[in-house]
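S.K.: This is final_5.json (JSON, C-alpha atoms and all ligand atoms).
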[["chain", "number", "residue", "atom", "x", "y", "z"],
["G", 1293, "MET", "CA", -24.19, 5.81, -13.62],
["G", 1294, "SER", "CA", -20.67, 7.03, -12.89],
["G", 1295, "ALA", "CA", -17.78, 4.60, -12.46],
["G", 1296, "GLN", "CA", -16.61, 3.50, -9.07],
["G", 1297, "LEU", "CA", -13.19, 4.80, -8.07],
["G", 1298, "GLN", "CA", -11.26, 3.14, -5.30],
["G", 1299, "ALA", "CA", -7.77, 2.72, -3.90],
["G", 1300, "ILE", "CA", -6.43, -0.58, -2.62],
["G", 1301, "GLN", "CA", -3.07, -1.96, -1.51],
["G", 1302, "ALA", "CA", -2.03, -4.94, -3.64],
["G", 1303, "ASP", "CA", 0.42, -6.42, -6.10],
["G", 1304, "ILE", "CA", -1.23, -5.40, -9.37],
["G", 1305, "THR", "CA", -0.27, -8.71, -11.01],
["G", 1306, "THR", "CA", -2.73, -10.52, -8.73],
["G", 1307, "LEU", "CA", -5.82, -8.48, -9.61],
["G", 1308, "THR", "CA", -8.74, -10.05, -11.41],
["G", 1309, "VAL", "CA", -9.87, -7.07, -13.43],
["G", 1310, "ASP", "CA", -10.44, -6.70, -17.16],
["G", 1311, "ALA", "CA", -7.25, -4.68, -17.63],
["G", 1312, "ILE", "CA", -4.22, -3.64, -15.64],
["G", 1313, "VAL", "CA", -1.95, -0.75, -16.57],
["G", 1314, "ASN", "CA", 1.79, -1.27, -16.91],
["G", 1315, "ALA", "CA", 4.20, 1.58, -16.09],
["G", 1316, "ALA", "CA", 6.64, 0.67, -18.84],
["G", 1317, "ASN", "CA", 9.63, 2.25, -20.54],
["G", 1318, "PRO", "CA", 9.66, 3.20, -24.24],
["G", 1319, "SER", "CA", 11.04, -0.20, -25.30],
["G", 1320, "LEU", "CA", 8.14, -1.92, -23.45],
["G", 1321, "LEU", "CA", 10.69, -4.49, -22.30],
["G", 1322, "GLY", "CA", 11.90, -2.95, -19.04],
["G", 1323, "GLY", "CA", 12.91, -5.31, -16.31],
["G", 1324, "GLY", "CA", 12.37, -3.44, -13.03],
["G", 1325, "GLY", "CA", 9.53, -2.27, -10.81],
["G", 1326, "VAL", "CA", 5.92, -2.97, -11.63],
["G", 1327, "SER", "CA", 6.76, -3.59, -15.27],
["G", 1328, "GLY", "CA", 9.20, -6.39, -14.42],
["G", 1329, "ALA", "CA", 6.57, -7.98, -12.20],
["G", 1330, "ILE", "CA", 3.89, -7.74, -14.92],
["G", 1331, "LEU", "CA", 6.14, -9.19, -17.64],
["G", 1332, "ARG", "CA", 7.23, -12.06, -15.39],
["G", 1333, "ALA", "CA", 3.67, -12.88, -14.40],
["G", 1334, "GLY", "CA", 2.34, -12.59, -17.96],
["G", 1335, "GLY", "CA", 5.02, -14.95, -19.21],
["G", 1336, "ALA", "CA", 6.96, -15.37, -22.44],
["G", 1337, "GLU", "CA", 3.94, -14.65, -24.66],
["G", 1338, "LEU", "CA", 3.44, -11.26, -23.03],
["G", 1339, "ILE", "CA", 7.10, -10.40, -23.51],
["G", 1340, "GLU", "CA", 6.85, -11.47, -27.14],
["G", 1341, "ALA", "CA", 3.68, -9.37, -27.64],
["G", 1342, "CYS", "CA", 5.52, -6.33, -26.21],
["G", 1343, "ARG", "CA", 8.41, -6.97, -28.55],
["G", 1344, "ARG", "CA", 5.99, -7.04, -31.48],
["G", 1345, "LEU", "CA", 4.47, -3.70, -30.44],
["G", 1346, "GLY", "CA", 7.90, -2.18, -30.89],
["G", 1347, "SER", "CA", 7.96, 0.93, -28.77],
["G", 1348, "CYS", "CA", 5.72, 3.45, -27.06],
["G", 1349, "ASP", "CA", 6.13, 7.21, -26.60],
["G", 1350, "SER", "CA", 5.97, 8.88, -23.22],
["G", 1351, "GLY", "CA", 2.34, 9.81, -22.57],
["G", 1352, "ASP", "CA", 0.97, 7.18, -24.95],
["G", 1353, "ALA", "CA", -0.54, 3.71, -24.26],
["G", 1354, "LYS", "CA", -0.77, 0.39, -26.13],
["G", 1355, "LEU", "CA", -2.71, -2.83, -25.55],
["G", 1356, "THR", "CA", -1.76, -6.50, -25.28],
["G", 1357, "PRO", "CA", -3.58, -9.53, -23.93],
["G", 1358, "GLY", "CA", -2.74, -10.49, -20.34],
["G", 1359, "TYR", "CA", -1.74, -14.08, -21.19],
["G", 1360, "ARG", "CA", -0.89, -15.77, -17.85],
["G", 1361, "LEU", "CA", -2.11, -12.83, -15.77],
["G", 1362, "PRO", "CA", -5.57, -12.96, -14.21],
["G", 1363, "ALA", "CA", -6.29, -9.70, -16.07],
["G", 1364, "ARG", "CA", -7.55, -10.13, -19.63],
["G", 1365, "TYR", "CA", -5.55, -7.18, -20.98],
["G", 1366, "VAL", "CA", -2.50, -5.12, -20.17],
["G", 1367, "VAL", "CA", -2.45, -1.44, -21.14],
["G", 1368, "HIS", "CA", 1.21, -0.46, -21.45],
["G", 1369, "THR", "CA", 1.89, 3.21, -20.89],
["G", 1370, "VAL", "CA", 5.13, 5.15, -20.54],
["G", 1371, "GLY", "CA", 5.25, 7.80, -17.86],
["G", 1372, "PRO", "CA", 7.61, 10.76, -17.80],
["G", 1373, "VAL", "CA", 10.98, 10.66, -16.06],
["G", 1374, "TRP", "CA", 10.95, 13.34, -13.33],
["G", 1375, "HIS", "CA", 13.42, 16.13, -14.15],
["G", 1376, "GLY", "CA", 12.20, 18.66, -11.60],
["G", 1377, "GLY", "CA", 8.79, 19.50, -13.06],
["G", 1378, "GLN", "CA", 9.65, 21.93, -15.87],
["G", 1379, "GLN", "CA", 9.79, 19.41, -18.70],
["G", 1380, "GLN", "CA", 6.11, 18.69, -19.33],
["G", 1381, "GLU", "CA", 6.10, 15.99, -16.69],
["G", 1382, "ALA", "CA", 2.60, 16.81, -15.41],
["G", 1383, "GLU", "CA", 1.11, 16.98, -18.93],
["G", 1384, "LEU", "CA", 2.75, 13.71, -19.93],
["G", 1385, "LEU", "CA", 1.60, 11.96, -16.77],
["G", 1386, "ALA", "CA", -2.00, 13.15, -17.27],
["G", 1387, "SER", "CA", -1.79, 11.94, -20.86],
["G", 1388, "CYS", "CA", -0.81, 8.45, -19.65],
["G", 1389, "TYR", "CA", -3.98, 8.22, -17.57],
["G", 1390, "ARG", "CA", -6.20, 9.59, -20.35],
["G", 1391, "ARG", "CA", -4.73, 7.33, -23.03],
["G", 1392, "ALA", "CA", -4.86, 4.25, -20.78],
["G", 1393, "LEU", "CA", -8.56, 4.85, -20.10],
["G", 1394, "GLU", "CA", -9.19, 5.31, -23.81],
["G", 1395, "VAL", "CA", -7.31, 2.16, -24.84],
["G", 1396, "ALA", "CA", -8.96, 0.06, -22.13],
["G", 1397, "ALA", "CA", -12.46, 1.31, -22.98],
["G", 1398, "LYS", "CA", -11.88, 0.67, -26.67],
["G", 1399, "ALA", "CA", -10.93, -2.94, -25.85],
["G", 1400, "GLY", "CA", -14.24, -3.32, -24.00],
["G", 1401, "ALA", "CA", -12.80, -3.37, -20.48],
["G", 1402, "ARG", "CA", -15.25, -2.56, -17.72],
["G", 1403, "SER", "CA", -12.74, -2.66, -14.90],
["G", 1404, "LEU", "CA", -9.23, -1.23, -14.91],
["G", 1405, "ALA", "CA", -6.42, -0.99, -12.34],
["G", 1406, "PHE", "CA", -3.61, 1.58, -12.38],
["G", 1407, "PRO", "CA", -0.29, 1.46, -10.58],
["G", 1408, "SER", "CA", 1.15, 4.82, -9.57],
["G", 1409, "ILE", "CA", 2.82, 5.62, -12.88],
["G", 1410, "SER", "CA", 6.32, 7.22, -12.80],
["G", 1411, "THR", "CA", 6.59, 7.25, -8.98],
["G", 1412, "GLY", "CA", 9.22, 4.51, -8.66],
["G", 1413, "ILE", "CA", 12.28, 4.31, -10.88],
["G", 1414, "PHE", "CA", 11.15, 7.43, -12.84],
["G", 1415, "GLY", "CA", 11.20, 9.52, -9.64],
["G", 1416, "TYR", "CA", 7.95, 11.52, -9.84],
["G", 1417, "PRO", "CA", 7.05, 12.85, -6.36],
["G", 1418, "PHE", "CA", 4.34, 10.50, -5.13],
["G", 1419, "GLU", "CA", 1.76, 12.95, -3.83],
["G", 1420, "GLN", "CA", 1.97, 15.23, -6.88],
["G", 1421, "ALA", "CA", 1.56, 12.21, -9.14],
["G", 1422, "ALA", "CA", -1.41, 10.95, -7.13],
["G", 1423, "VAL", "CA", -3.22, 14.29, -7.46],
["G", 1424, "ILE", "CA", -2.77, 14.13, -11.24],
["G", 1425, "ALA", "CA", -3.92, 10.49, -11.32],
["G", 1426, "VAL", "CA", -7.11, 11.14, -9.36],
["G", 1427, "ASP", "CA", -7.97, 14.44, -11.09],
["G", 1428, "THR", "CA", -7.31, 13.11, -14.58],
["G", 1429, "VAL", "CA", -9.26, 9.89, -14.11],
["G", 1430, "ARG", "CA", -12.17, 11.81, -12.59],
["G", 1431, "ALA", "CA", -12.21, 14.28, -15.46],
["G", 1432, "THR", "CA", -11.83, 11.67, -18.22],
["G", 1433, "LEU", "CA", -14.13, 8.89, -17.06],
["G", 1434, "PRO", "CA", -17.41, 10.49, -18.16],
["G", 1435, "ALA", "CA", -16.18, 10.12, -21.75],
["G", 1436, "PHE", "CA", -16.05, 6.31, -21.28],
["G", 1437, "PRO", "CA", -19.35, 5.24, -19.72],
["G", 1438, "THR", "CA", -18.67, 1.52, -20.26],
["G", 1439, "LEU", "CA", -15.84, 1.64, -17.69],
["G", 1440, "GLU", "CA", -17.54, 0.73, -14.45],
["G", 1441, "SER", "CA", -14.65, 0.45, -12.02],
["G", 1442, "VAL", "CA", -11.22, 2.04, -11.76],
["G", 1443, "VAL", "CA", -8.81, 0.93, -9.05],
["G", 1444, "PHE", "CA", -5.69, 2.79, -7.94],
["G", 1445, "CYS", "CA", -3.44, -0.09, -6.92],
["G", 1446, "CYS", "CA", -0.95, 1.05, -4.28],
["G", 1447, "PHE", "CA", 2.11, -0.96, -3.39],
["G", 1448, "SER", "CA", 2.55, 0.32, 0.19],
["G", 1449, "SER", "CA", 0.20, 1.30, 2.97],
["G", 1450, "ALA", "CA", 1.70, 4.82, 2.99],
["G", 1451, "ASP", "CA", 0.82, 5.15, -0.71],
["G", 1452, "LEU", "CA", -2.68, 3.87, -0.04],
["G", 1453, "GLN", "CA", -3.17, 6.53, 2.65],
["G", 1454, "VAL", "CA", -2.37, 9.27, 0.14],
["G", 1455, "TYR", "CA", -4.88, 7.98, -2.42],
["G", 1456, "THR", "CA", -7.55, 7.35, 0.20],
["G", 1457, "ARG", "CA", -7.23, 10.93, 1.43],
["G", 1458, "LEU", "CA", -7.39, 12.34, -2.12],
["G", 1459, "LEU", "CA", -10.40, 10.24, -3.07],
["G", 1460, "GLU", "CA", -12.27, 11.25, 0.09],
["G", 1461, "ALA", "CA", -11.34, 14.92, -0.21],
["G", 1462, "ARG", "CA", -12.45, 15.14, -3.81],
["G", 1463, "ASP", "CA", -15.68, 13.14, -3.63],
["I", 1501, "LIG", "N1", 2.08, -3.78, -7.99],
["I", 1501, "LIG", "C1", 1.68, -2.50, -7.83],
["I", 1501, "LIG", "N2", 2.54, -1.45, -7.78],
["I", 1501, "LIG", "C2", 3.85, -1.72, -7.87],
["I", 1501, "LIG", "C3", 4.36, -3.03, -8.03],
["I", 1501, "LIG", "C4", 3.41, -4.11, -8.10],
["I", 1501, "LIG", "N3", 3.78, -5.37, -8.27],
["I", 1501, "LIG", "N4", 5.73, -2.97, -8.10],
["I", 1501, "LIG", "C5", 6.06, -1.66, -7.96],
["I", 1501, "LIG", "N5", 4.93, -0.92, -7.81],
["I", 1501, "LIG", "P1", 8.02, 1.70, -11.19],
["I", 1501, "LIG", "P2", 8.06, 4.01, -13.01],
["I", 1501, "LIG", "C6", 4.80, 0.55, -7.68],
["I", 1501, "LIG", "O1", 9.44, 1.95, -10.80],
["I", 1501, "LIG", "O2", 8.47, 4.92, -11.91],
["I", 1501, "LIG", "C7", 10.60, -0.03, -15.08],
["I", 1501, "LIG", "O3", 11.84, -0.64, -15.14],
["I", 1501, "LIG", "C8", 5.97, 1.32, -7.13],
["I", 1501, "LIG", "O4", 5.98, 1.30, -5.71],
["I", 1501, "LIG", "O5", 7.60, 0.30, -11.47],
["I", 1501, "LIG", "O6", 6.96, 4.44, -13.95],
["I", 1501, "LIG", "C9", 10.08, 0.34, -16.43],
["I", 1501, "LIG", "O7", 10.47, -0.55, -17.42],
["I", 1501, "LIG", "C10", 5.68, 2.72, -7.68],
["I", 1501, "LIG", "O8", 4.77, 3.43, -6.83],
["I", 1501, "LIG", "O9", 7.62, 2.54, -12.53],
["I", 1501, "LIG", "C11", 10.66, 1.70, -16.63],
["I", 1501, "LIG", "O10", 12.00, 1.66, -17.05],
["I", 1501, "LIG", "C12", 4.95, 2.44, -9.00],
["I", 1501, "LIG", "O11", 4.61, 1.05, -8.99],
["I", 1501, "LIG", "C13", 10.61, 2.30, -15.26],
["I", 1501, "LIG", "O12", 10.71, 1.23, -14.37],
["I", 1501, "LIG", "C14", 5.76, 2.73, -10.24],
["I", 1501, "LIG", "O13", 7.11, 2.33, -10.04],
["I", 1501, "LIG", "C15", 9.29, 3.01, -15.03],
["I", 1501, "LIG", "O14", 9.36, 3.72, -13.84]]
Here is the file; what I need is its structure written in the form of structure tokens.
M.R.:
Amino acid sequence: MSAQLQAIQADITTLTVDAIVNAANPSLLGGGGVSGAILRAGGAELIEACRRLGSCDSGDAKLTPGYRLPARYVVHTVGPVWHGGQQQEAELLASCYRRALEVAAKAGARSLAFPSISTGIFGYPFEQAAVIAVDTVRATLPAFPTLESVVFCCFSSADLQVYTRLLEARD
């Protein structure tokens, strides 16, 4: 059976799923955007676990427990900074989604929620990033049959409309 893919509008820190993805920076200790919200909600132990991980390369992903979050795990990934599209941004963004799925599946997660990686502070054009997110998750999921549900967690209703359209168009 193939995994269920859906888009919702929510604050990702409130989701009761096995794992949520954090759009972090290479130090894993960034303070803004979705990453600031996740670190605040996870509490001091999550921040300490990130500190212990050290750092993370762009396109890679690393796992911690969720601590005070409702999610059991956090998969920390580092998206590319948008420089206009000629600096491997698309490849690095796709790699974030692939690696996050791999790390979550390896931890035994059955449900996973993604924010829209790189589309805030890192400046990746939203629609282009959403196409990569949907296409990459679709293409990669068959390799991880234990993942039953993947949620694209959108922060605004405009963002949700983009994902909803892409998911419908590519069904
Ligand atoms: N739940 C879901 N989505 C959210 C939330 C939330 N609570 N808050 C923001 N978003 P960003 P980036 C959306 O800037 O572009 C951090 O400081 C937001 O609307 O959080 O990958 C890191 O440490 C946008 O669509 O991440 C890095 O330094 C998306 O999440 C840097 O920002 C990503 O926006 C990473 O930048």
S.K.: Give the answer as one residue: which of G:Val1395, G:Arg1344, G:Phe1406, G:Ala1401 has the shortest atom-to-atom distance to Val1429 of chain G, using only C-alpha atoms?
M.R.: G:Phe1406
S.K.: With only C-alpha atoms as the atoms that count, which of G:Ala1316, G:Ala1336, G:Ala1311, G:Ala1363 lies nearest to Lys1398 of chain G?
M.R.: G:Ala1311
S.K.: In Å, with one decimal, what is the gap from atom CA of Thr1369 of chain G to atom CA of Ala1315 of chain G?
M.R.: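 These atoms are spaced 5.6 Å apart.
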S.K.: Could the residues that lie within 7 Å of ligand LIG 1501 (chain I), counting all atoms listed in the file, be listed as a ChimeraX atom specification?
M.R.: /G:1302-1305,1315-1317,1320-1329,1370-1371,1407-1416,1445-1448
S.K.: Please determine the residues with any atom at most 10 Å from (-11.7, 4.8, -4.6) (coordinates as given in the file, with only C-alpha atoms counting) and report them as an MDAnalysis selection string.
M.R.: chainID G and resid 1295:1300 1426 1441:1445 1455:1460 1463
S.K.: Rounded to one decimal, what separation in Å do you get between atom CA of Gln1420 of chain G and atom CA of Tyr1389 of chain G?
M.R.: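 That distance, rounded to one decimal, is 14.1 Å.
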S.K.: Rounded to one decimal in Å, what is the spacing between atom CA of Ala1382 of chain G and atom CA of Asp1310 of chain G?
M.R.: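 Here the two named atoms are 26.9 Å from each other.
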S.K.: Would you list the contacts of Val1366 of chain G as a ChimeraX atom specification, taking every protein, DNA or RNA residue within 12 Å and counting only C-alpha atoms, but skipping same-chain residues closer than 2 positions in sequence?
M.R.: /G:1304-1305,1307-1316,1320,1327,1330-1331,1333-1334,1338-1339,1341-1342,1353-1364,1368-1369,1392-1393,1395-1396,1399,1401,1403-1407
S.K.: Only C-alpha atoms, please: the residues just picked out, written as a PDB file, in the coordinates of the input.
M.R.:
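Heads up, here's the output in again.pdb:
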ATOM      1  CA  ILE G1304      -1.230  -5.400  -9.370  1.00  0.00           C
ATOM      2  CA  THR G1305      -0.270  -8.710 -11.010  1.00  0.00           C
ATOM      3  CA  LEU G1307      -5.820  -8.480  -9.610  1.00  0.00           C
ATOM      4  CA  THR G1308      -8.740 -10.050 -11.410  1.00  0.00           C
ATOM      5  CA  VAL G1309      -9.870  -7.070 -13.430  1.00  0.00           C
ATOM      6  CA  ASP G1310     -10.440  -6.700 -17.160  1.00  0.00           C
ATOM      7  CA  ALA G1311      -7.250  -4.680 -17.630  1.00  0.00           C
ATOM      8  CA  ILE G1312      -4.220  -3.640 -15.640  1.00  0.00           C
ATOM      9  CA  VAL G1313      -1.950  -0.750 -16.570  1.00  0.00           C
ATOM     10  CA  ASN G1314       1.790  -1.270 -16.910  1.00  0.00           C
ATOM     11  CA  ALA G1315       4.200   1.580 -16.090  1.00  0.00           C
ATOM     12  CA  ALA G1316       6.640   0.670 -18.840  1.00  0.00           C
ATOM     13  CA  LEU G1320       8.140  -1.920 -23.450  1.00  0.00           C
ATOM     14  CA  SER G1327       6.760  -3.590 -15.270  1.00  0.00           C
ATOM     15  CA  ILE G1330       3.890  -7.740 -14.920  1.00  0.00           C
ATOM     16  CA  LEU G1331       6.140  -9.190 -17.640  1.00  0.00           C
ATOM     17  CA  ALA G1333       3.670 -12.880 -14.400  1.00  0.00           C
ATOM     18  CA  GLY G1334       2.340 -12.590 -17.960  1.00  0.00           C
ATOM     19  CA  LEU G1338       3.440 -11.260 -23.030  1.00  0.00           C
ATOM     20  CA  ILE G1339       7.100 -10.400 -23.510  1.00  0.00           C
ATOM     21  CA  ALA G1341       3.680  -9.370 -27.640  1.00  0.00           C
ATOM     22  CA  CYS G1342       5.520  -6.330 -26.210  1.00  0.00           C
ATOM     23  CA  ALA G1353      -0.540   3.710 -24.260  1.00  0.00           C
ATOM     24  CA  LYS G1354      -0.770   0.390 -26.130  1.00  0.00           C
ATOM     25  CA  LEU G1355      -2.710  -2.830 -25.550  1.00  0.00           C
ATOM     26  CA  THR G1356      -1.760  -6.500 -25.280  1.00  0.00           C
ATOM     27  CA  PRO G1357      -3.580  -9.530 -23.930  1.00  0.00           C
ATOM     28  CA  GLY G1358      -2.740 -10.490 -20.340  1.00  0.00           C
ATOM     29  CA  TYR G1359      -1.740 -14.080 -21.190  1.00  0.00           C
ATOM     30  CA  ARG G1360      -0.890 -15.770 -17.850  1.00  0.00           C
ATOM     31  CA  LEU G1361      -2.110 -12.830 -15.770  1.00  0.00           C
ATOM     32  CA  PRO G1362      -5.570 -12.960 -14.210  1.00  0.00           C
ATOM     33  CA  ALA G1363      -6.290  -9.700 -16.070  1.00  0.00           C
ATOM     34  CA  ARG G1364      -7.550 -10.130 -19.630  1.00  0.00           C
ATOM     35  CA  HIS G1368       1.210  -0.460 -21.450  1.00  0.00           C
ATOM     36  CA  THR G1369       1.890   3.210 -20.890  1.00  0.00           C
ATOM     37  CA  ALA G1392      -4.860   4.250 -20.780  1.00  0.00           C
ATOM     38  CA  LEU G1393      -8.560   4.850 -20.100  1.00  0.00           C
ATOM     39  CA  VAL G1395      -7.310   2.160 -24.840  1.00  0.00           C
ATOM     40  CA  ALA G1396      -8.960   0.060 -22.130  1.00  0.00           C
ATOM     41  CA  ALA G1399     -10.930  -2.940 -25.850  1.00  0.00           C
ATOM     42  CA  ALA G1401     -12.800  -3.370 -20.480  1.00  0.00           C
ATOM     43  CA  SER G1403     -12.740  -2.660 -14.900  1.00  0.00           C
ATOM     44  CA  LEU G1404      -9.230  -1.230 -14.910  1.00  0.00           C
ATOM     45  CA  ALA G1405      -6.420  -0.990 -12.340  1.00  0.00           C
ATOM     46  CA  PHE G1406      -3.610   1.580 -12.380  1.00  0.00           C
ATOM     47  CA  PRO G1407      -0.290   1.460 -10.580  1.00  0.00           C
TER      48      PRO G1407
END
S.K.: Counting all atoms listed in the file, figure out which residue out of G:Arg1332, G:Leu1439, G:Glu1337, G:Phe1418 gets nearest to Arg1402 of chain G.
M.R.: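 Among the listed residues, the smallest separation from Arg1402 of chain G belongs to G:Leu1439.
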S.K.: I want to know what sits within 7 Å of Asp1349 of chain G, based on all atoms listed in the file, with residues of the same chain fewer than 2 positions away left out; could you give that as number ranges by chain?
M.R.: G: 1318, 1347, 1351-1352, 1370
